[in-house]
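Some notes on the structure that comes next.
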Amino acid sequence: MPYYELGPRRPKEPGEGNVYIGAAIGALGAMFLSFALVPLRDHIPNANMALALVVPVLLGAIIGGRIAGVVSAIVAALSFNFVFTKPYLSLRIASGDDIATFVVLAIVSLVAAEIGVRARRGGVDAREARSELDRVYRVGDLSARGADVDDVVSSARAELIGLFDLMECVYEATQSGPELPRLGQRGALEQARLVASGDFLLPTGGVEVPVKGRGHDYGRLVLYAADMTRAPLQKRLVAVAIADELGAALASRVG
């Protein structure tokens, strides 16, 4: 039975972005905008000023992810307090209405930060899905055009290396090494320890993906992953599909 162990750290999500750049843009943008709007603070209600400060928070979250968004939201709320509430240039708030505006700004900024994170991740997920489908298509297209088997094998290996950012991917027509954890047809990892780290992680000692075509076995592709390599279900299914395309190519040549 597989068991769970704690990983040393969580791998970086592809949609997290650059935290430092995002936080700098969001925080400095909020401070700059606050002081830029000082000439208007006697003519425009504070509630409108607060809404304007949400914009840099949103940008910070889109660029840098959740942490950058939270930092930007805090700085935006403090900047509003410092610049737009009396007594000016102080963190004290004299008016009850301004206190309410400050609280609303903090909440709206945090919500905007989360929206920015989700928007970024949605765009990243869409691009990744398209890229993964293209990997399967390239291997299948090469096989359909009657390319040499070695070229199809090389293509499958290259696509899998790119898919998981592997150290190496080896094709074995006949098993030449020990039994390894295996990716099943539905992307499940069989005969392996599972690492609990908030994500599915590929074992570093090698994972095999069986290569089959027309009911026959044509060896395996062995994936050698670096430490803490993320392998969500969608990518595992793509790996299985690439192995199936290679199996179909091999079966057509043998046939």
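Simple scheme: letters A, B, ... for chains in structure tokens order, numbers from 1 for residues in each chain, numbers from 1 for ligands in the order shown.
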Next on the checklist: When you look at stretch 47-53 of chain A with a cut-off of 8 Å (counting only C-alpha atoms), what residues show up, excluding the ones that are within fewer than 4 positions of it in the same chain? I need them as JSON, numbers by chain.
Outcome noted: {"A": [30, 33, 34, 37, 41, 57, 76, 80, 84, 101, 102, 105]}
Let's have the selection written as a short mmCIF file (atom, residue, chain, number, x, y, z; two decimals), in the first residue's frame, with all heavy atoms.
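selection_13.cif was written with the following content:
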```
data_model
loop_
_atom_site.label_atom_id
_atom_site.label_comp_id
_atom_site.auth_asym_id
_atom_site.auth_seq_id
_atom_site.Cartn_x
_atom_site.Cartn_y
_atom_site.Cartn_z
N ALA A 30 0.40 52.26 -4.96
CA ALA A 30 -0.61 52.79 -4.04
C ALA A 30 -0.11 54.06 -3.36
O ALA A 30 -0.84 55.05 -3.22
CB ALA A 30 -0.98 51.73 -3.00
N LEU A 33 0.14 56.93 -6.03
CA LEU A 33 -1.19 57.42 -6.41
C LEU A 33 -1.81 58.24 -5.29
O LEU A 33 -2.48 59.26 -5.54
CB LEU A 33 -2.08 56.23 -6.77
CG LEU A 33 -3.48 56.56 -7.30
CD1 LEU A 33 -3.39 57.40 -8.56
CD2 LEU A 33 -4.26 55.26 -7.57
N SER A 34 -1.59 57.82 -4.05
CA SER A 34 -2.14 58.56 -2.91
C SER A 34 -1.62 60.00 -2.89
O SER A 34 -2.40 60.96 -2.78
CB SER A 34 -1.77 57.86 -1.60
OG SER A 34 -2.37 56.59 -1.52
N LEU A 37 -2.85 62.24 -5.72
CA LEU A 37 -4.25 62.69 -5.61
C LEU A 37 -4.47 63.71 -4.49
O LEU A 37 -5.60 64.16 -4.28
CB LEU A 37 -5.16 61.48 -5.38
CG LEU A 37 -5.27 60.48 -6.55
CD1 LEU A 37 -6.11 59.28 -6.13
CD2 LEU A 37 -5.89 61.16 -7.77
N ARG A 41 -8.10 66.02 -2.82
CA ARG A 41 -8.77 65.43 -1.67
C ARG A 41 -9.84 66.34 -1.07
O ARG A 41 -10.74 65.86 -0.35
CB ARG A 41 -7.77 65.03 -0.61
CG ARG A 41 -7.02 66.15 0.07
CD ARG A 41 -5.96 65.58 1.00
NE ARG A 41 -5.13 66.66 1.57
CZ ARG A 41 -4.03 66.43 2.27
NH1 ARG A 41 -3.62 65.18 2.48
NH2 ARG A 41 -3.33 67.44 2.75
N VAL A 57 -3.45 47.67 -6.31
CA VAL A 57 -3.53 46.39 -5.60
C VAL A 57 -3.82 45.26 -6.58
O VAL A 57 -3.20 44.19 -6.54
CB VAL A 57 -4.62 46.44 -4.51
CG1 VAL A 57 -4.82 45.06 -3.88
CG2 VAL A 57 -4.26 47.45 -3.44
N ALA A 76 -1.98 49.96 0.58
CA ALA A 76 -3.01 50.85 0.05
C ALA A 76 -3.90 51.38 1.18
O ALA A 76 -4.23 52.57 1.22
CB ALA A 76 -3.85 50.12 -1.00
N PHE A 80 -4.06 55.30 2.31
CA PHE A 80 -5.32 56.05 2.38
C PHE A 80 -5.47 56.72 3.75
O PHE A 80 -5.81 57.90 3.85
CB PHE A 80 -6.49 55.10 2.12
CG PHE A 80 -7.84 55.73 2.38
CD1 PHE A 80 -8.42 56.55 1.44
CD2 PHE A 80 -8.50 55.51 3.59
CE1 PHE A 80 -9.66 57.15 1.68
CE2 PHE A 80 -9.73 56.09 3.84
CZ PHE A 80 -10.30 56.92 2.88
N PHE A 84 -5.45 60.65 3.30
CA PHE A 84 -6.79 61.16 3.05
C PHE A 84 -7.69 61.31 4.29
O PHE A 84 -8.80 61.82 4.17
CB PHE A 84 -7.50 60.28 2.02
CG PHE A 84 -6.86 60.29 0.67
CD1 PHE A 84 -6.16 59.19 0.21
CD2 PHE A 84 -6.91 61.42 -0.14
CE1 PHE A 84 -5.55 59.21 -1.02
CE2 PHE A 84 -6.30 61.45 -1.38
CZ PHE A 84 -5.60 60.33 -1.82
N THR A 101 -14.75 53.91 5.81
CA THR A 101 -14.15 53.87 4.47
C THR A 101 -12.84 53.08 4.49
O THR A 101 -12.55 52.31 3.58
CB THR A 101 -13.89 55.30 3.95
OG1 THR A 101 -15.13 56.02 3.94
CG2 THR A 101 -13.31 55.26 2.54
N PHE A 102 -12.05 53.29 5.55
CA PHE A 102 -10.77 52.58 5.69
C PHE A 102 -11.00 51.07 5.74
O PHE A 102 -10.31 50.29 5.08
CB PHE A 102 -10.05 53.05 6.96
CG PHE A 102 -8.82 52.27 7.28
CD1 PHE A 102 -7.61 52.53 6.65
CD2 PHE A 102 -8.87 51.25 8.22
CE1 PHE A 102 -6.48 51.80 6.96
CE2 PHE A 102 -7.74 50.52 8.53
CZ PHE A 102 -6.54 50.79 7.90
N LEU A 105 -12.14 49.82 2.36
CA LEU A 105 -11.01 49.79 1.43
C LEU A 105 -10.14 48.55 1.68
O LEU A 105 -9.72 47.88 0.72
CB LEU A 105 -10.17 51.05 1.58
CG LEU A 105 -8.82 51.04 0.83
CD1 LEU A 105 -9.04 50.89 -0.67
CD2 LEU A 105 -8.03 52.31 1.14
#
```
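Near stretch 147-150 of chain A, within 8 Å and counting only C-alpha atoms, sit Leu142, Ala249, Leu250 and Arg253 of chain A, not including residues fewer than 5 positions from it in the same chain.
Residues in contact with stretch 177-190 of chain A at 9 Å, where only C-alpha atoms are counted and same-chain residues fewer than 6 positions away are skipped, are listed as Pro2, Leu202, Pro203, Gly205, Gly206, Val207, Glu208, Val209, Pro210, Val222, Leu233, Gln234, Lys235, Arg236, Leu237, Val238, Ala239, Val240 and Ala241 of chain A.
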Would you export the selected residues with N, CA, C and O atoms as a compact mmCIF listing (two decimals), in the first residue's frame, please?
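What landed in selection07.txt:
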```txt
# COMPACT_ATOMS: atom_id res chain seq x y z
N PRO A 2 0.55 2.25 -0.80
CA PRO A 2 1.32 3.50 -0.76
C PRO A 2 1.08 4.23 0.54
O PRO A 2 0.04 4.09 1.17
N LEU A 202 6.29 13.86 -8.55
CA LEU A 202 6.90 12.68 -9.15
C LEU A 202 8.06 12.20 -8.29
O LEU A 202 8.88 12.99 -7.85
N PRO A 203 8.16 10.88 -8.05
CA PRO A 203 9.33 10.34 -7.36
C PRO A 203 10.59 10.63 -8.17
O PRO A 203 10.57 10.66 -9.40
N GLY A 205 13.39 8.79 -8.27
CA GLY A 205 14.17 7.63 -8.70
C GLY A 205 13.77 7.07 -10.04
O GLY A 205 14.37 6.09 -10.51
N GLY A 206 12.79 7.67 -10.69
CA GLY A 206 12.33 7.17 -11.98
C GLY A 206 10.90 6.71 -11.95
O GLY A 206 10.46 6.07 -10.99
N VAL A 207 10.15 7.06 -12.97
CA VAL A 207 8.76 6.63 -13.14
C VAL A 207 8.59 6.13 -14.55
O VAL A 207 9.03 6.78 -15.50
N GLU A 208 7.98 4.97 -14.71
CA GLU A 208 7.81 4.42 -16.05
C GLU A 208 6.41 4.67 -16.58
O GLU A 208 5.43 4.69 -15.83
N VAL A 209 6.35 4.91 -17.88
CA VAL A 209 5.07 5.04 -18.58
C VAL A 209 5.06 3.94 -19.64
O VAL A 209 5.87 3.98 -20.58
N PRO A 210 4.19 2.93 -19.50
CA PRO A 210 4.18 1.83 -20.47
C PRO A 210 3.86 2.33 -21.88
O PRO A 210 3.05 3.24 -22.07
N VAL A 222 10.92 5.99 -19.38
CA VAL A 222 11.27 6.20 -17.98
C VAL A 222 11.56 7.68 -17.75
O VAL A 222 12.41 8.27 -18.42
N LEU A 233 -2.75 15.97 -12.38
CA LEU A 233 -3.39 14.91 -13.16
C LEU A 233 -3.38 15.22 -14.66
O LEU A 233 -3.14 14.33 -15.48
N GLN A 234 -3.64 16.45 -15.03
CA GLN A 234 -3.69 16.79 -16.45
C GLN A 234 -2.37 16.47 -17.14
O GLN A 234 -2.35 15.91 -18.24
N LYS A 235 -1.25 16.80 -16.51
CA LYS A 235 0.05 16.51 -17.11
C LYS A 235 0.31 15.01 -17.16
O LYS A 235 0.92 14.50 -18.11
N ARG A 236 -0.11 14.29 -16.12
CA ARG A 236 0.09 12.83 -16.14
C ARG A 236 -0.70 12.18 -17.28
O ARG A 236 -0.21 11.26 -17.93
N LEU A 237 -1.90 12.67 -17.52
CA LEU A 237 -2.69 12.14 -18.63
C LEU A 237 -2.05 12.47 -19.98
O LEU A 237 -2.10 11.67 -20.92
N VAL A 238 -1.44 13.65 -20.08
CA VAL A 238 -0.73 14.00 -21.30
C VAL A 238 0.45 13.06 -21.52
O VAL A 238 0.72 12.61 -22.64
N ALA A 239 1.18 12.73 -20.44
CA ALA A 239 2.30 11.79 -20.54
C ALA A 239 1.83 10.43 -21.05
O ALA A 239 2.47 9.81 -21.91
N VAL A 240 0.71 9.96 -20.53
CA VAL A 240 0.15 8.68 -20.98
C VAL A 240 -0.24 8.76 -22.46
O VAL A 240 0.00 7.83 -23.23
N ALA A 241 -0.83 9.89 -22.87
CA ALA A 241 -1.23 10.06 -24.27
C ALA A 241 -0.02 10.07 -25.20
O ALA A 241 -0.06 9.50 -26.30
```
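Distances from A:Pro45, A:Pro232, A:Gly146, A:Gly247 to A:Leu163 were compared using only C-alpha atoms, and the smallest one belongs to A:Pro232.
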Next on the checklist: For the alpha helix (DSSP H) assignment from backbone DSSP, which residues of stretch 46-246 of chain A qualify? Please present them as a VMD selection string.
Outcome noted: chain A and resid 46 to 52 54 to 64 66 to 84 96 to 144 149 to 164 233 to 246
Next on the checklist: With distances taken over only C-alpha atoms, which residue among A:Ile21, A:Ala61, A:Leu133, A:Ile74 lies nearest A:Glu159?
Outcome noted: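 Closest to A:Glu159, using only C-alpha atoms: A:Leu133.
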Checklist entry - Which of these, A:Ala225, A:Leu246, A:Asn18, A:Phe32, has the shortest distance to A:Asp151 once you count only C-alpha atoms? => result A:Leu246
Next on the checklist: Going by DSSP on the backbone, which residues of stretch 163-235 of chain A come out as strand (DSSP E)? List them as a PyMOL selection string.
Outcome noted: chain A and resi 168-172+182-183+189-190+194-196+207-213+216-224
Okay, now the selection with N, CA and C atoms, as a compact mmCIF listing (two decimals), in the first residue's frame?
```txt
# COMPACT_ATOMS: atom_id res chain seq x y z
N GLU A 168 15.94 13.74 -17.36
CA GLU A 168 16.15 12.85 -18.50
C GLU A 168 14.90 12.01 -18.71
N CYS A 169 14.72 11.54 -19.93
CA CYS A 169 13.65 10.61 -20.27
C CYS A 169 14.26 9.56 -21.20
N VAL A 170 14.12 8.29 -20.85
CA VAL A 170 14.76 7.21 -21.60
C VAL A 170 13.69 6.26 -22.12
N TYR A 171 13.85 5.83 -23.39
CA TYR A 171 12.96 4.82 -23.93
C TYR A 171 13.66 3.47 -23.87
N GLU A 172 13.00 2.47 -23.30
CA GLU A 172 13.53 1.12 -23.22
C GLU A 172 12.58 0.18 -23.93
N ARG A 182 4.80 3.24 -11.71
CA ARG A 182 4.24 3.30 -13.06
C ARG A 182 3.05 4.23 -13.12
N LEU A 183 2.96 4.99 -14.21
CA LEU A 183 1.77 5.79 -14.48
C LEU A 183 0.77 4.91 -15.21
N LEU A 189 -0.51 6.95 -10.11
CA LEU A 189 0.83 6.43 -9.88
C LEU A 189 0.72 5.14 -9.08
N GLU A 190 1.22 4.05 -9.67
CA GLU A 190 1.11 2.74 -9.06
C GLU A 190 2.46 2.31 -8.48
N LEU A 194 3.60 8.06 -1.99
CA LEU A 194 3.03 9.33 -2.38
C LEU A 194 3.50 10.41 -1.41
N VAL A 195 3.95 11.52 -1.95
CA VAL A 195 4.48 12.60 -1.11
C VAL A 195 3.40 13.64 -0.90
N ALA A 196 3.04 13.90 0.36
CA ALA A 196 2.02 14.90 0.67
C ALA A 196 2.69 16.25 0.86
N VAL A 207 10.15 7.06 -12.97
CA VAL A 207 8.76 6.63 -13.14
C VAL A 207 8.59 6.13 -14.55
N GLU A 208 7.98 4.97 -14.71
CA GLU A 208 7.81 4.42 -16.05
C GLU A 208 6.41 4.67 -16.58
N VAL A 209 6.35 4.91 -17.88
CA VAL A 209 5.07 5.04 -18.58
C VAL A 209 5.06 3.94 -19.64
N PRO A 210 4.19 2.93 -19.50
CA PRO A 210 4.18 1.83 -20.47
C PRO A 210 3.86 2.33 -21.88
N VAL A 211 4.53 1.74 -22.85
CA VAL A 211 4.29 2.06 -24.26
C VAL A 211 3.58 0.86 -24.88
N LYS A 212 2.33 1.07 -25.29
CA LYS A 212 1.52 -0.02 -25.84
C LYS A 212 0.85 0.43 -27.13
N GLY A 213 0.65 -0.53 -28.02
CA GLY A 213 -0.02 -0.24 -29.28
C GLY A 213 -0.68 -1.48 -29.85
N HIS A 216 -0.30 -4.70 -27.85
CA HIS A 216 1.04 -5.25 -27.62
C HIS A 216 1.86 -4.26 -26.79
N ASP A 217 2.80 -4.83 -26.01
CA ASP A 217 3.71 -4.01 -25.22
C ASP A 217 4.96 -3.69 -26.05
N TYR A 218 5.36 -2.42 -26.04
CA TYR A 218 6.56 -2.01 -26.76
C TYR A 218 7.55 -1.31 -25.82
N GLY A 219 7.61 -1.79 -24.59
CA GLY A 219 8.59 -1.25 -23.66
C GLY A 219 8.02 -0.17 -22.78
N ARG A 220 8.88 0.77 -22.42
CA ARG A 220 8.47 1.82 -21.49
C ARG A 220 9.31 3.08 -21.69
N LEU A 221 8.71 4.19 -21.33
CA LEU A 221 9.44 5.46 -21.22
C LEU A 221 9.69 5.70 -19.74
N VAL A 222 10.92 5.99 -19.38
CA VAL A 222 11.27 6.20 -17.98
C VAL A 222 11.56 7.68 -17.75
N LEU A 223 10.81 8.26 -16.83
CA LEU A 223 10.93 9.68 -16.51
C LEU A 223 11.80 9.86 -15.27
N TYR A 224 12.87 10.63 -15.41
CA TYR A 224 13.76 10.92 -14.28
C TYR A 224 13.57 12.38 -13.90
```
Checklist entry - Which residue gives the smallest distance to A:Phe35 among A:Val117, A:Ile242, A:Leu89, A:Met167, with only C-alpha atoms counted? => result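 Going through A:Val117, A:Ile242, A:Leu89, A:Met167 one by one, the smallest distance to A:Phe35 is for A:Leu89.
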Item to check | Nearest residue to A:Arg66 from the set A:Arg157, A:Arg118, A:Lys86, A:Arg214 (distances using only C-alpha atoms) | outcome: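 Of all the options, A:Arg118 lies closest to A:Arg66.
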Checklist outcome for this item: Nearest to A:Ile67, restricted to only C-alpha atoms and choosing among A:Ala251, A:Leu28, A:Ala23, A:Ile115, comes out as A:Ala23
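Taking atom CA of A:Thr229 and atom CA of A:Tyr20 as the two end points, the separation is 23.2 Å.
We find atom CA of A:Ala27 and atom CA of A:Leu91 to be spaced 16.9 Å apart.
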Item to check | Straight-line distance linking atom CA of A:Val75 with atom CA of A:Val19, stated in Å to one decimal | outcome: 14.9 Å
